[in-house]
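Everything on this sheet refers to the single structure shown next.
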Amino acid sequence: MAAVELKTGNGDAKPVGNATTSSVNVRVLFFARARDLTGTADTLLEVTSGSTAGDCLKELIARFPALEEIRECMVLALNEEYTSDSAVVKENDELAIIPPISGG
Amino acid sequence: MAVRQIQAICSSARATWKIHAISVAHRLGAVPVGETSVFIAVSAVHHADALDACKFMIDELKATVPIWKKEVYSNGEVWKENPEFMERRSMEPAGKAVDAPNVACRRICCGAKSKVSDESTACEMNLE
């Protein structure tokens, strides 16, 4: 979170508090092995505005450590499209945790 | 998302080959051993276009469509993993850059969670 510095008359700079930050709510969906590991089909995540899909994943692994098992082989989808870790999530976005697929 | 992805694959096929009609179907739920799980039909004036488009579509489906299959055995169950997906994992998904790709991804991720000593009994399909 950003800190705002206020310079006083005598040149001292001290932080006066945090700049206003908002959070965004993201719905997370778990499939297949991810669902087994977390024990749930979905969850709600609240992250700082400007967070990325990768930030969300870090938060999810903190909450569900078992997900570490598939971290290297999973991919992410944001609003039903494959996405990279650096994609920024917005309010009401839907993030899907996609373990290795096996259709066909 | 699976339907969207299949539609995208159809569009890609049309952009590459001169084809007339496409039909794709995928089973969901329990699929007994020996039964068909996926069906792709392509028609075209020239058979080479139809065959090439068909091959492209099944390869793409196995690499990108979010459908999962869990094989259920009498002594356990295991989520299958398509090699096509694992290979594609290190490439750009949907034109977007992959951050820190793990090129040397293990062949099996979720892995065989149970030993198999006799024939499988059924397959369960899950659709995203």
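Ordering of the structure tokens sets the chain letters (A, B, ...); residue numbers start at 1 within each chain; ligands are numbered from 1 in the order shown.
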For chain B, report every residue with an atom at most 6 Å from chain A (counting only C-alpha atoms), formatted as a PDB file with C-alpha atoms, in the first residue's frame.
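As written to disk, part.pdb reads:
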```
ATOM      1  CA  MET B   1     -15.335 -22.172 -20.873  1.00  0.00           C
ATOM      2  CA  VAL B  38     -15.296 -37.468 -27.888  1.00  0.00           C
ATOM      3  CA  LYS B  62      -6.592 -32.362 -25.970  1.00  0.00           C
ATOM      4  CA  PRO B  66     -10.811 -27.531 -19.924  1.00  0.00           C
ATOM      5  CA  ILE B  67     -12.330 -30.970 -19.546  1.00  0.00           C
ATOM      6  CA  TRP B  68     -10.994 -33.486 -17.037  1.00  0.00           C
ATOM      7  CA  LYS B  69     -11.178 -37.241 -16.898  1.00  0.00           C
ATOM      8  CA  LYS B  80      -5.569 -38.256 -16.260  1.00  0.00           C
ATOM      9  CA  GLU B  81      -3.256 -35.660 -17.805  1.00  0.00           C
ATOM     10  CA  ASN B  82      -2.939 -35.100 -21.554  1.00  0.00           C
ATOM     11  CA  VAL B  98       3.699 -17.249 -19.965  1.00  0.00           C
TER      12      VAL B  98
END
```
12 Å contact set for range 45-48 of chain A, only C-alpha atoms, chain neighbours under 2 positions out, as a ChimeraX atom specification: /A:1-2,20-29,42-43,50-63,88-95
